[in-house]
Amino acid sequence: MVETSDIVALDCEMVGMGPFGTENGLARCSIVDYYGKVVYDQFIRPEGVITAFRTSVSGVRPVDMEGATPFRVAREQSGASPIPHSPAGA
């Protein structure tokens with residue numbers, strides 16, 4: 001049986017990187033628990049140069065990157081693994 005304490009929802013906002021803005025870079029990560037309580041919500045500065053903010057879709061603006069958490073730090077804060085893995089029980 002899955003416990004409600006094991007359930008979270010994750011939303012990520014991406015910005016464009018690379019010469020044509022076609023590469024994706026993480027710019028915001030939001031995590032909420034089963035009850036909707038915010039567990040983590042940060043603007044994240046991706047590694048590399050942002051060439052397209054995609055503000056109309058992502059809501060991310062250049063000003064949001066001024067105090068953004070560096071990607072490597074955010075990965076540690078969120079508990080995210082750098083290696084993809086399957087959900088428990090999959």
# chains A, B, ... in the order shown; residues from 1 in each chain; ligands from 1

$ residues_around --residues "Gly16 of chain A" --least-positions-apart "5" --cutoff "7 Å" --atoms "only C-alpha atoms" --output "VMD selection string"
chain A and resid 21 to 25 50 to 54

$ write_last_selection --atoms "all heavy atoms" --output "PDB file, in the first residue's frame"
ATOM      1  N   GLY A  21      17.909  28.218 -29.028  1.00  0.00           N
ATOM      2  CA  GLY A  21      16.974  28.073 -27.911  1.00  0.00           C
ATOM      3  C   GLY A  21      16.225  26.764 -27.921  1.00  0.00           C
ATOM      4  O   GLY A  21      15.180  26.640 -27.279  1.00  0.00           O
ATOM      5  N   THR A  22      16.734  25.765 -28.617  1.00  0.00           N
ATOM      6  CA  THR A  22      16.025  24.495 -28.742  1.00  0.00           C
ATOM      7  C   THR A  22      16.428  23.463 -27.693  1.00  0.00           C
ATOM      8  O   THR A  22      15.762  22.447 -27.547  1.00  0.00           O
ATOM      9  CB  THR A  22      16.240  23.892 -30.141  1.00  0.00           C
ATOM     10  OG1 THR A  22      17.634  23.747 -30.368  1.00  0.00           O
ATOM     11  CG2 THR A  22      15.625  24.782 -31.215  1.00  0.00           C
ATOM     12  N   GLU A  23      17.520  23.719 -26.974  1.00  0.00           N
ATOM     13  CA  GLU A  23      17.913  22.820 -25.892  1.00  0.00           C
ATOM     14  C   GLU A  23      17.180  23.272 -24.627  1.00  0.00           C
ATOM     15  O   GLU A  23      16.990  24.461 -24.410  1.00  0.00           O
ATOM     16  CB  GLU A  23      19.419  22.876 -25.665  1.00  0.00           C
ATOM     17  CG  GLU A  23      20.220  22.396 -26.859  1.00  0.00           C
ATOM     18  CD  GLU A  23      21.713  22.582 -26.642  1.00  0.00           C
ATOM     19  OE1 GLU A  23      22.174  22.475 -25.486  1.00  0.00           O
ATOM     20  OE2 GLU A  23      22.405  22.853 -27.629  1.00  0.00           O
ATOM     21  N   ASN A  24      16.763  22.325 -23.803  1.00  0.00           N
ATOM     22  CA  ASN A  24      16.010  22.647 -22.595  1.00  0.00           C
ATOM     23  C   ASN A  24      16.915  22.765 -21.382  1.00  0.00           C
ATOM     24  O   ASN A  24      17.811  21.955 -21.189  1.00  0.00           O
ATOM     25  CB  ASN A  24      14.956  21.574 -22.319  1.00  0.00           C
ATOM     26  CG  ASN A  24      13.871  21.571 -23.351  1.00  0.00           C
ATOM     27  OD1 ASN A  24      13.365  22.622 -23.720  1.00  0.00           O
ATOM     28  ND2 ASN A  24      13.493  20.401 -23.827  1.00  0.00           N
ATOM     29  N   GLY A  25      16.651  23.786 -20.568  1.00  0.00           N
ATOM     30  CA  GLY A  25      17.355  23.964 -19.307  1.00  0.00           C
ATOM     31  C   GLY A  25      16.345  24.207 -18.209  1.00  0.00           C
ATOM     32  O   GLY A  25      15.384  24.965 -18.382  1.00  0.00           O
ATOM     33  N   ILE A  50      21.249  30.988 -21.274  1.00  0.00           N
ATOM     34  CA  ILE A  50      19.832  30.979 -21.643  1.00  0.00           C
ATOM     35  C   ILE A  50      19.673  31.863 -22.872  1.00  0.00           C
ATOM     36  O   ILE A  50      20.056  33.029 -22.865  1.00  0.00           O
ATOM     37  CB  ILE A  50      18.954  31.500 -20.501  1.00  0.00           C
ATOM     38  CG1 ILE A  50      19.102  30.606 -19.271  1.00  0.00           C
ATOM     39  CG2 ILE A  50      17.489  31.583 -20.936  1.00  0.00           C
ATOM     40  CD1 ILE A  50      18.445  31.156 -18.023  1.00  0.00           C
ATOM     41  N   THR A  51      19.097  31.303 -23.922  1.00  0.00           N
ATOM     42  CA  THR A  51      18.901  32.066 -25.158  1.00  0.00           C
ATOM     43  C   THR A  51      17.428  32.315 -25.476  1.00  0.00           C
ATOM     44  O   THR A  51      17.117  33.082 -26.377  1.00  0.00           O
ATOM     45  CB  THR A  51      19.575  31.347 -26.346  1.00  0.00           C
ATOM     46  OG1 THR A  51      19.094  30.005 -26.420  1.00  0.00           O
ATOM     47  CG2 THR A  51      21.094  31.318 -26.183  1.00  0.00           C
ATOM     48  N   ALA A  52      16.528  31.658 -24.739  1.00  0.00           N
ATOM     49  CA  ALA A  52      15.087  31.865 -24.925  1.00  0.00           C
ATOM     50  C   ALA A  52      14.388  31.595 -23.593  1.00  0.00           C
ATOM     51  O   ALA A  52      14.406  30.473 -23.097  1.00  0.00           O
ATOM     52  CB  ALA A  52      14.541  30.936 -26.001  1.00  0.00           C
ATOM     53  N   PHE A  53      13.797  32.630 -23.012  1.00  0.00           N
ATOM     54  CA  PHE A  53      13.144  32.462 -21.722  1.00  0.00           C
ATOM     55  C   PHE A  53      11.779  31.789 -21.827  1.00  0.00           C
ATOM     56  O   PHE A  53      11.283  31.255 -20.847  1.00  0.00           O
ATOM     57  CB  PHE A  53      13.034  33.801 -20.992  1.00  0.00           C
ATOM     58  CG  PHE A  53      14.320  34.188 -20.327  1.00  0.00           C
ATOM     59  CD1 PHE A  53      15.277  34.921 -21.008  1.00  0.00           C
ATOM     60  CD2 PHE A  53      14.590  33.791 -19.035  1.00  0.00           C
ATOM     61  CE1 PHE A  53      16.473  35.263 -20.404  1.00  0.00           C
ATOM     62  CE2 PHE A  53      15.787  34.119 -18.414  1.00  0.00           C
ATOM     63  CZ  PHE A  53      16.727  34.859 -19.110  1.00  0.00           C
ATOM     64  N   ARG A  54      11.164  31.830 -22.999  1.00  0.00           N
ATOM     65  CA  ARG A  54       9.843  31.209 -23.207  1.00  0.00           C
ATOM     66  C   ARG A  54       8.823  31.693 -22.165  1.00  0.00           C
ATOM     67  O   ARG A  54       7.998  30.920 -21.654  1.00  0.00           O
ATOM     68  CB  ARG A  54       9.947  29.694 -23.149  1.00  0.00           C
ATOM     69  CG  ARG A  54      10.959  29.087 -24.117  1.00  0.00           C
ATOM     70  CD  ARG A  54      11.113  27.607 -23.893  1.00  0.00           C
ATOM     71  NE  ARG A  54      12.111  27.033 -24.769  1.00  0.00           N
ATOM     72  CZ  ARG A  54      12.651  25.835 -24.579  1.00  0.00           C
ATOM     73  NH1 ARG A  54      12.271  25.090 -23.575  1.00  0.00           N
ATOM     74  NH2 ARG A  54      13.547  25.383 -25.418  1.00  0.00           N
TER      75      ARG A  54
END

$ atom_distance --atom1 "atom CA of Pro19 of chain A" --atom2 "atom CA of Phe71 of chain A"
20.1 Å

$ residues_around --residues "segment 38-41 of chain A" --least-positions-apart "4" --cutoff "12 Å" --atoms "only C-alpha atoms" --output "list in words"
Ser5, Ile7, Val8, Ala9, Leu10, Asp11, Cys12, Glu13, Ala27, Arg28, Cys29, Ser30, Ile31, Val32, Asp33, Tyr34, Ala68, Thr69, Ala74, Arg75, Glu76, Gln77, Ser78, Gly79 and Ala80 of chain A

$ atom_distance --atom1 "atom CA of Glu3 of chain A" --atom2 "atom CA of Gly36 of chain A"
15.0 Å

$ atom_distance --atom1 "atom CA of Met14 of chain A" --atom2 "atom CA of Tyr35 of chain A"
25.1 Å

$ select_by_dssp --residues "segment 8-44 of chain A" --states "strand (DSSP E)" --output "number ranges by chain"
A: 8-17, 23-33, 38-44

$ closest_residue --among "A:Val73, A:Val49, A:Val15, A:Leu26" --to "Arg61 of chain A" --atoms "only C-alpha atoms"
A:Val15

$ select_by_dssp --residues "chain A" --states "alpha helix (DSSP H)" --output "list of chain:residue names"
A:Thr55, A:Ser56, A:Val57, A:Ser58, A:Phe71, A:Arg72, A:Val73, A:Ala74, A:Arg75, A:Glu76, A:Gln77, A:Ser78
